[in-house]
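Structure below is entry_38.cif: mmCIF, C-alpha atoms.
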```cif
data_coords
#
loop_
_atom_site.label_atom_id
_atom_site.label_comp_id
_atom_site.auth_asym_id
_atom_site.auth_seq_id
_atom_site.Cartn_x
_atom_site.Cartn_y
_atom_site.Cartn_z
CA MET A 97 0.00 0.00 0.00
CA SER A 98 1.23 3.46 -0.88
CA ARG A 99 1.91 5.91 1.91
CA LEU A 100 0.70 8.69 -0.36
CA GLN A 101 -2.88 9.88 -0.13
CA VAL A 102 -4.33 10.92 -3.49
CA SER A 103 -7.62 12.79 -3.47
CA VAL A 104 -9.49 14.06 -6.52
CA ASP A 105 -12.01 16.87 -6.74
CA TYR A 106 -14.41 15.39 -9.27
CA GLY A 107 -16.47 18.57 -9.14
CA ALA A 108 -13.43 20.37 -10.56
CA ILE A 109 -13.31 17.89 -13.45
CA ALA A 110 -16.98 18.57 -14.23
CA ARG A 111 -16.37 22.32 -14.13
CA ASN A 112 -13.30 21.99 -16.33
CA VAL A 113 -15.34 20.14 -18.95
CA GLU A 114 -18.00 22.84 -18.79
CA ARG A 115 -15.26 25.39 -19.43
CA LEU A 116 -13.89 23.40 -22.37
CA CYS A 117 -17.38 23.12 -23.84
CA ALA A 118 -17.49 26.92 -23.77
CA PHE A 119 -14.19 27.04 -25.67
CA ALA A 120 -15.67 24.82 -28.40
CA PRO A 121 -19.32 25.88 -28.74
CA THR A 122 -19.66 24.52 -32.28
CA ALA A 123 -18.28 21.07 -31.50
CA GLN A 124 -19.04 18.15 -29.24
CA VAL A 125 -16.54 17.33 -26.49
CA LEU A 126 -14.88 13.95 -26.14
CA ALA A 127 -13.30 13.69 -22.71
CA VAL A 128 -10.11 11.63 -22.87
CA VAL A 129 -10.07 9.38 -19.80
CA LYS A 130 -7.34 6.99 -20.91
CA ALA A 131 -4.65 5.75 -18.52
CA ASP A 132 -7.09 5.65 -15.59
CA ALA A 133 -8.12 9.21 -16.44
CA TYR A 134 -4.50 10.40 -16.24
CA GLY A 135 -4.31 8.90 -12.76
CA HIS A 136 -7.56 10.49 -11.56
CA GLY A 137 -9.72 7.34 -11.56
CA LEU A 138 -11.37 6.06 -14.75
CA VAL A 139 -14.99 5.57 -13.72
CA PRO A 140 -15.54 8.56 -11.41
CA ALA A 141 -13.61 10.91 -13.69
CA ALA A 142 -15.68 9.73 -16.66
CA ALA A 143 -18.89 10.30 -14.73
CA ALA A 144 -17.70 13.80 -13.78
CA ALA A 145 -16.85 14.56 -17.41
CA ARG A 146 -20.32 13.44 -18.49
CA ALA A 147 -21.83 15.68 -15.80
CA GLY A 148 -19.82 18.58 -17.20
CA GLY A 149 -21.19 18.12 -20.70
CA ALA A 150 -18.93 15.61 -22.45
CA THR A 151 -21.03 13.73 -25.01
CA TRP A 152 -18.19 11.32 -25.80
CA LEU A 153 -15.51 9.53 -23.79
CA GLY A 154 -12.21 8.39 -25.25
CA VAL A 155 -9.79 5.72 -24.08
CA ALA A 156 -6.73 4.23 -25.72
CA GLN A 157 -7.15 0.68 -24.45
CA PRO A 158 -10.18 -1.55 -25.16
CA ASP A 159 -10.34 -2.84 -21.59
CA GLU A 160 -11.00 0.67 -20.33
CA ALA A 161 -13.86 1.10 -22.79
CA LEU A 162 -15.37 -2.17 -21.59
CA ALA A 163 -14.85 -1.13 -17.95
CA LEU A 164 -16.84 2.04 -18.60
CA ARG A 165 -19.67 0.00 -20.09
CA ALA A 166 -19.56 -2.40 -17.14
CA ALA A 167 -19.83 0.60 -14.82
CA GLY A 168 -23.03 1.66 -16.54
CA ASP A 169 -21.95 4.32 -19.01
CA THR A 170 -24.29 4.23 -22.02
CA GLY A 171 -23.00 7.18 -24.06
CA ARG A 172 -20.65 7.29 -27.01
CA ILE A 173 -17.20 5.83 -26.29
CA LEU A 174 -14.24 5.62 -28.66
CA THR A 175 -11.19 3.38 -28.22
CA TRP A 176 -8.20 3.44 -30.55
CA LEU A 177 -4.94 1.78 -29.53
CA TYR A 178 -4.51 -1.88 -30.48
CA GLY A 179 -3.37 -4.21 -33.24
CA PRO A 180 -5.19 -6.98 -35.09
CA ASP A 181 -5.63 -8.80 -31.77
CA VAL A 182 -8.24 -6.23 -30.72
CA PRO A 183 -11.22 -7.81 -28.89
CA ALA A 184 -13.43 -6.37 -31.59
CA ALA A 185 -16.45 -8.61 -31.01
CA ARG A 186 -16.73 -7.59 -27.36
CA LEU A 187 -16.36 -3.92 -28.25
CA ILE A 188 -18.96 -4.07 -31.00
CA GLU A 189 -21.41 -5.92 -28.79
CA ALA A 190 -20.87 -3.26 -26.12
CA GLY A 191 -21.65 -0.48 -28.59
CA VAL A 192 -18.15 1.00 -28.46
CA ASP A 193 -16.87 2.93 -31.47
CA VAL A 194 -13.59 1.53 -32.75
CA SER A 195 -10.70 3.09 -34.64
CA ALA A 196 -9.01 1.59 -37.69
CA SER A 197 -5.40 2.58 -38.32
CA SER A 198 -4.50 -0.17 -40.75
CA LEU A 199 -6.05 -2.68 -43.13
CA PRO A 200 -5.37 -5.69 -40.83
CA VAL A 201 -7.21 -3.96 -37.97
CA LEU A 202 -10.12 -3.08 -40.24
CA GLU A 203 -10.30 -6.68 -41.46
CA ARG A 204 -10.44 -7.91 -37.87
CA ILE A 205 -13.27 -5.48 -37.12
CA VAL A 206 -15.17 -6.61 -40.22
CA ASP A 207 -14.83 -10.28 -39.28
CA ALA A 208 -15.95 -9.60 -35.71
CA ALA A 209 -18.94 -7.53 -36.85
CA ARG A 210 -20.12 -10.33 -39.10
CA GLU A 211 -19.57 -12.83 -36.30
CA VAL A 212 -21.80 -10.97 -33.85
CA GLY A 213 -24.26 -9.72 -36.45
CA THR A 214 -23.89 -6.04 -35.55
CA VAL A 215 -22.60 -3.24 -37.74
CA ALA A 216 -19.43 -1.73 -36.26
CA ARG A 217 -19.01 2.04 -35.97
CA VAL A 218 -15.52 2.84 -37.26
CA HIS A 219 -13.38 5.96 -37.04
CA VAL A 220 -10.53 5.97 -39.56
CA CYS A 221 -7.32 7.30 -38.03
CA VAL A 222 -5.04 9.12 -40.47
CA ASP A 223 -1.34 9.70 -39.81
CA THR A 224 -1.00 13.37 -40.73
CA GLY A 225 2.57 13.68 -39.50
CA LEU A 226 2.88 12.37 -35.95
CA ALA A 227 4.03 8.97 -37.24
CA ARG A 228 2.30 7.03 -34.49
CA GLU A 229 -1.10 5.39 -34.99
CA GLY A 230 -2.90 6.03 -38.24
CA VAL A 231 -2.95 5.03 -41.88
CA ARG A 232 -0.60 6.95 -44.14
CA PRO A 233 -2.40 9.18 -46.67
CA ALA A 234 -1.17 7.09 -49.60
CA GLU A 235 -2.83 4.01 -48.09
CA LEU A 236 -6.06 5.75 -47.12
CA PRO A 237 -7.96 5.09 -50.39
CA GLY A 238 -7.36 1.35 -50.08
CA LEU A 239 -8.58 1.31 -46.48
CA LEU A 240 -11.70 3.25 -47.40
CA GLU A 241 -12.43 0.97 -50.34
CA ALA A 242 -12.18 -2.05 -48.04
CA ALA A 243 -14.61 -0.44 -45.61
CA ILE A 244 -17.05 0.41 -48.38
CA ALA A 245 -16.86 -3.16 -49.70
CA ALA A 246 -17.77 -4.40 -46.21
CA ASP A 247 -20.75 -2.11 -45.74
CA ASP A 248 -22.78 -5.00 -44.36
CA ALA A 249 -20.38 -5.08 -41.40
CA VAL A 250 -18.96 -1.61 -40.83
CA VAL A 251 -19.93 2.01 -41.27
CA VAL A 252 -17.30 4.75 -41.26
CA VAL A 253 -18.73 7.36 -38.88
CA GLY A 254 -15.59 9.32 -38.12
CA MET A 255 -12.15 10.36 -39.24
CA TRP A 256 -9.45 11.65 -36.91
CA SER A 257 -5.81 12.41 -36.39
CA HIS A 258 -3.53 13.76 -33.66
CA LEU A 259 -1.26 16.80 -33.56
CA ALA A 260 2.45 16.60 -32.78
CA TRP A 261 3.19 20.14 -31.55
CA ALA A 262 -0.13 21.73 -30.63
CA ASP A 263 1.35 22.69 -27.27
CA GLN A 264 3.49 25.24 -29.14
CA PRO A 265 0.88 27.54 -30.71
CA GLY A 266 2.05 28.83 -34.07
CA HIS A 267 4.33 25.89 -34.78
CA PRO A 268 4.28 25.22 -38.55
CA THR A 269 3.50 21.53 -38.11
CA ILE A 270 0.03 22.40 -36.83
CA ASP A 271 -1.13 23.95 -40.09
CA ALA A 272 0.76 21.34 -42.09
CA GLN A 273 -1.03 18.49 -40.32
CA ALA A 274 -4.37 20.28 -40.58
CA ALA A 275 -3.89 20.53 -44.36
CA VAL A 276 -3.18 16.81 -44.63
CA PHE A 277 -6.25 16.08 -42.49
CA ARG A 278 -8.50 18.21 -44.68
CA GLU A 279 -7.18 16.40 -47.75
CA ALA A 280 -7.98 13.06 -46.11
CA LEU A 281 -11.51 14.24 -45.35
CA ALA A 282 -11.93 15.18 -49.00
CA VAL A 283 -10.76 11.72 -50.07
CA ALA A 284 -13.28 10.08 -47.74
CA GLU A 285 -16.15 12.30 -48.79
CA ALA A 286 -15.36 11.74 -52.47
CA ARG A 287 -15.85 8.04 -51.83
CA GLY A 288 -19.24 8.60 -50.28
CA ALA A 289 -18.34 8.55 -46.59
CA ARG A 290 -20.95 10.31 -44.48
CA LEU A 291 -18.92 11.27 -41.48
CA GLU A 292 -20.72 12.05 -38.23
CA VAL A 293 -17.59 13.42 -36.57
CA ARG A 294 -14.27 14.77 -37.76
CA HIS A 295 -11.79 15.33 -34.95
CA LEU A 296 -8.26 16.64 -34.65
CA ALA A 297 -8.05 19.03 -31.69
CA ASN A 298 -6.44 17.92 -28.44
CA SER A 299 -6.42 20.06 -25.27
CA ALA A 300 -4.03 22.65 -26.70
CA ALA A 301 -5.90 23.04 -29.97
CA THR A 302 -9.23 23.11 -28.14
CA LEU A 303 -7.96 26.13 -26.19
CA THR A 304 -6.07 27.93 -28.96
CA ARG A 305 -7.26 26.84 -32.42
CA PRO A 306 -11.03 27.17 -32.89
CA ASP A 307 -10.53 26.68 -36.64
CA LEU A 308 -9.51 23.08 -35.90
CA HIS A 309 -12.48 22.13 -33.73
CA PHE A 310 -14.40 20.49 -36.61
CA ASP A 311 -17.28 18.40 -35.18
CA LEU A 312 -15.56 17.06 -32.08
CA VAL A 313 -12.68 18.08 -29.81
CA ARG A 314 -10.68 15.65 -27.67
CA PRO A 315 -9.30 17.42 -24.58
CA GLY A 316 -7.31 15.29 -22.18
CA ILE A 317 -4.94 16.97 -19.73
CA ALA A 318 -7.06 20.14 -19.58
CA ILE A 319 -9.98 18.15 -18.16
CA TYR A 320 -7.90 17.61 -15.05
CA GLY A 321 -7.13 21.31 -14.70
CA LEU A 322 -3.63 21.34 -16.19
CA PRO A 323 -3.40 23.64 -19.24
CA PRO A 324 -0.97 22.38 -21.91
CA VAL A 325 -0.14 25.94 -22.98
CA GLU A 326 0.29 29.20 -21.11
CA ASP A 327 -2.82 31.36 -20.86
CA PRO A 328 -1.99 34.88 -22.10
CA ALA A 329 -4.41 36.22 -19.48
CA GLY A 330 -2.59 34.32 -16.72
CA ARG A 331 -5.78 32.65 -15.48
CA ARG A 332 -5.09 29.05 -16.56
CA PHE A 333 -8.07 29.36 -18.95
CA GLY A 334 -10.32 29.10 -15.90
CA LEU A 335 -9.28 25.47 -15.28
CA GLU A 336 -8.96 23.98 -11.78
CA PRO A 337 -6.39 21.28 -10.89
CA ALA A 338 -8.32 18.29 -9.58
CA MET A 339 -5.63 16.21 -7.85
CA ARG A 340 -4.19 16.64 -4.34
CA VAL A 341 -1.35 14.42 -3.09
CA THR A 342 -0.29 14.26 0.55
CA ALA A 343 1.85 12.19 2.90
CA SER A 344 2.69 12.29 6.62
CA LEU A 345 5.63 13.61 8.59
CA ALA A 346 6.79 10.53 10.48
CA LEU A 347 9.68 11.95 12.53
CA VAL A 348 11.28 15.28 13.43
CA LYS A 349 14.75 15.51 14.98
CA ASP A 350 17.55 18.00 15.58
CA VAL A 351 20.97 17.50 13.96
CA PRO A 352 24.21 19.49 13.98
CA ALA A 353 25.83 21.37 11.12
CA GLY A 354 27.75 19.16 8.71
CA GLN A 355 25.36 16.23 9.01
CA GLY A 356 25.18 14.17 5.82
CA VAL A 357 21.61 13.27 4.89
CA SER A 358 20.30 10.10 3.21
CA TYR A 359 22.22 7.71 0.98
CA GLY A 360 25.50 9.02 -0.37
CA HIS A 361 25.24 12.18 1.71
CA ASP A 362 24.24 14.17 -1.39
CA TYR A 363 23.04 16.83 1.04
CA THR A 364 24.89 18.13 4.09
CA THR A 365 23.29 20.43 6.62
CA PRO A 366 24.92 23.87 6.42
CA ALA A 367 23.98 24.75 10.02
CA PRO A 368 22.32 23.15 13.04
CA THR A 369 18.82 22.34 11.89
CA ARG A 370 15.74 20.21 12.29
CA LEU A 371 15.12 17.35 9.85
CA GLY A 372 11.75 15.88 8.98
CA LEU A 373 11.20 12.34 7.71
CA VAL A 374 8.35 11.83 5.22
CA SER A 375 6.98 8.31 5.00
CA ALA A 376 6.85 7.99 1.21
CA GLY A 377 9.46 7.43 -1.47
CA TYR A 378 10.03 6.19 -4.98
CA ALA A 379 7.99 3.04 -4.31
CA ASP A 380 5.06 5.41 -3.88
CA GLY A 381 5.60 7.45 -7.03
CA ILE A 382 8.03 10.12 -5.84
CA PHE A 383 10.69 10.50 -8.50
CA ARG A 384 14.11 9.40 -7.34
CA SER A 385 15.53 12.36 -9.25
CA ALA A 386 13.54 14.74 -7.01
CA GLY A 387 16.26 14.79 -4.36
CA ASN A 388 17.59 18.32 -3.74
CA ARG A 389 15.16 19.58 -6.40
CA ALA A 390 11.47 19.14 -5.65
CA GLU A 391 9.64 20.88 -2.83
CA VAL A 392 6.74 19.98 -0.56
CA SER A 393 4.63 22.09 1.77
CA ILE A 394 3.80 21.72 5.46
CA GLY A 395 1.44 24.22 7.01
CA GLY A 396 2.03 26.59 4.11
CA ARG A 397 5.84 26.47 4.46
CA ARG A 398 7.84 25.15 1.51
CA HIS A 399 10.67 22.69 2.07
CA ARG A 400 12.98 21.14 -0.49
CA ILE A 401 13.72 17.42 -0.37
CA ALA A 402 17.15 17.05 1.23
CA GLY A 403 19.36 14.41 -0.33
CA ARG A 404 18.37 11.26 -2.16
CA VAL A 405 14.85 9.95 -2.36
CA CYS A 406 14.71 6.47 -0.81
CA MET A 407 12.34 3.63 -1.58
CA ASP A 408 9.82 4.55 1.10
CA GLN A 409 11.01 7.81 2.67
CA VAL A 410 12.47 11.22 2.01
CA VAL A 411 14.07 13.78 4.31
CA LEU A 412 13.37 17.50 4.56
CA ASP A 413 15.57 20.21 6.06
CA LEU A 414 12.94 22.10 8.03
CA GLY A 415 15.28 24.73 9.46
CA ALA A 416 16.28 25.53 13.01
CA ASP A 417 13.39 25.89 15.47
CA ALA A 418 10.93 24.72 12.80
CA PRO A 419 7.32 24.47 14.02
CA GLU A 420 6.58 21.23 12.18
CA ARG A 421 5.82 18.12 14.24
CA ALA A 422 5.49 14.41 13.58
CA GLY A 423 2.04 13.64 12.25
CA ASP A 424 1.76 16.86 10.24
CA THR A 425 0.37 16.62 6.70
CA VAL A 426 2.92 17.01 3.94
CA VAL A 427 1.45 18.38 0.71
CA LEU A 428 3.18 17.23 -2.46
CA ILE A 429 0.54 18.57 -4.87
CA GLY A 430 -2.39 20.79 -4.06
CA PRO A 431 -3.72 24.33 -3.84
CA ASP A 432 -1.91 24.64 -0.50
CA GLY A 433 1.36 23.33 -1.89
CA PRO A 434 3.36 22.75 -5.07
CA THR A 435 1.66 22.12 -8.41
CA ALA A 436 2.14 19.23 -10.80
CA ARG A 437 3.99 21.70 -13.02
CA ASP A 438 6.35 22.53 -10.15
CA TRP A 439 7.21 18.86 -9.83
CA ALA A 440 7.61 18.49 -13.58
CA ASP A 441 10.00 21.41 -13.72
CA ALA A 442 11.99 20.01 -10.79
CA VAL A 443 12.52 16.54 -12.24
CA GLY A 444 12.65 17.40 -15.94
CA THR A 445 9.39 15.99 -17.23
CA ILE A 446 5.82 17.15 -17.95
CA ASP A 447 2.87 17.45 -15.62
CA TYR A 448 1.08 14.66 -17.53
CA GLU A 449 3.62 12.19 -16.17
CA ILE A 450 3.42 13.63 -12.67
CA VAL A 451 -0.33 13.08 -12.23
CA CYS A 452 -0.28 9.71 -13.99
CA ARG A 453 2.57 8.56 -11.76
CA PHE A 454 1.16 9.73 -8.44
CA GLY A 455 -2.38 8.70 -9.33
CA GLY A 456 -1.24 5.26 -10.35
CA TYR A 457 0.07 4.41 -6.90
CA LYS A 458 -3.07 4.79 -4.86
CA GLU A 459 -6.84 4.41 -4.88
CA LYS A 460 -8.33 7.81 -5.54
CA ALA A 461 -10.48 9.31 -2.81
CA PRO A 462 -13.02 12.01 -3.72
CA VAL A 463 -12.73 15.41 -2.10
#
```
Kindly transcribe the structure held in the file into structure tokens.
Amino acid sequence: MSRLQVSVDYGAIARNVERLCAFAPTAQVLAVVKADAYGHGLVPAAAAARAGGATWLGVAQPDEALALRAAGDTGRILTWLYGPDVPAARLIEAGVDVSASSLPVLERIVDAAREVGTVARVHVCVDTGLAREGVRPAELPGLLEAAIAADDAVVVVGMWSHLAWADQPGHPTIDAQAAVFREALAVAEARGARLEVRHLANSAATLTRPDLHFDLVRPGIAIYGLPPVEDPAGRRFGLEPAMRVTASLALVKDVPAGQGVSYGHDYTTPAPTRLGLVSAGYADGIFRSAGNRAEVSIGGRRHRIAGRVCMDQVVLDLGADAPERAGDTVVLIGPDGPTARDWADAVGTIDYEIVCRFGGYKEKAPV
């Protein structure tokens, strides 16, 4: 069991989705809840997103789509990341929309649809320049022809792609990918596809590129209150971080100047001071590289991690005559402490990884 306590304000998630709906008034909103809702809890986060106005949910993995159905969600769900071994029959029977990125995947979907006797709803994914999932434009006509030939088993209801550098507004790849996407839409429409939804915009494009909203936007990280781009107004686009991460101060003790702290003595006390021991470490999701870099908060006072992060504990230099006591709450992430971005900057990553990592180590408790 983790010694971290992760709590999630699901009301904040609902309000964030409401805000994102306002940013895209001409499009539907697909809330991306993949990876256990970025560590925020798949089922409750999905329910909060629905309450905020999301008409679609999106997950990478098929098992998460099926888990949402098992939990009672009856709305539109899209799943997209798999190979020809996709459990297509189960997804089709559950009424989940599926993505086709290649001819072998489409063929598997067709076979499964015929097996269960239900027409599959397919979104064709086009690789417009990210070079991850998606059919290359040169291969798109062949994939569409195969789908048309199997019209007793599948109907192409959507076409989509994903942007590589949307988190850098103005980057030339954004317009370049958008042009490729529009060309792909024209190819599909010329072959008689009647698309219900065309979707390209992630969180960043939802917030900054209304011309790329099309019929559907797919915000992910922004749902959880973490903007992927800086807000020129300095208000975080009105988004509220939903995750709070805390631990406990297990021990407080006085040490002299020159005391080496933790493995390897990477930190030495510069003066007589009071050290605090936090009962959580890298086994609980705290980055080992956070030593001497990341900060936590106790009672509103910031303290940097002193020395190396251990498997199940870290040490803080609290300062001489510090008021902190054993049993105090240590805030790693929260409105009364550091942000996920603070941690990302400290350890050289992005806030996406921070919330996924911390959220993955503990059952989420609602606020």
Open item on the list: Using only C-alpha atoms, list the residues that have an atom at most 9 Å from (-7.1, 7.8, -3.2), coordinates as in the file, as a list in words.
Closed with: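 Residues with an atom close enough to that point: Leu100, Gln101, Val102, Ser103, Val104, His136, Gly137, Val341, Gly455, Tyr457, Lys458, Glu459, Lys460, Ala461 and Pro462 of chain A.
The smallest atom-to-atom distance between Leu291 in chain A and any of A:Arg186, A:Arg146, A:Arg217, A:Arg210, using all atoms listed in the file, is found for A:Arg217.
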Give as a compact mmCIF listing (two decimals) with C-alpha atoms, in the frame of the given file the residues that the PyMOL selection byres ((chain A and resi 171) around 8) matches when applied to the coordinates above.
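Once everything was written out, this is part06.txt:
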```
# COMPACT_ATOMS: atom_id res chain seq x y z
CA THR A 151 -21.03 13.73 -25.01
CA TRP A 152 -18.19 11.32 -25.80
CA LEU A 153 -15.51 9.53 -23.79
CA ASP A 169 -21.95 4.32 -19.01
CA THR A 170 -24.29 4.23 -22.02
CA ARG A 172 -20.65 7.29 -27.01
CA ILE A 173 -17.20 5.83 -26.29
```
Open item on the list: When you look at range 370-376 of chain A with a cut-off of 7 Å (counting all atoms listed in the file), what residues show up, excluding the ones that are within fewer than 3 positions of it in the same chain? I need them as a list of chain:residue names.
Closed with: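 Once the nearby chain positions are removed, what remains is A:Arg99, A:Leu100, A:Ala343, A:Ser344, A:Leu345, A:Ala346, A:Leu347, A:Val348, A:Lys349, A:Asp350, A:Val351, A:Asp380, A:Asp408, A:Gln409, A:Val410, A:Val411, A:Leu412, A:Asp413, A:Leu414, A:Gly415, A:Ala416, A:Asp417, A:Ala418.
The coordinates place CA of Trp176 in chain A at 19.7 Å from CA of Gly238 in chain A.
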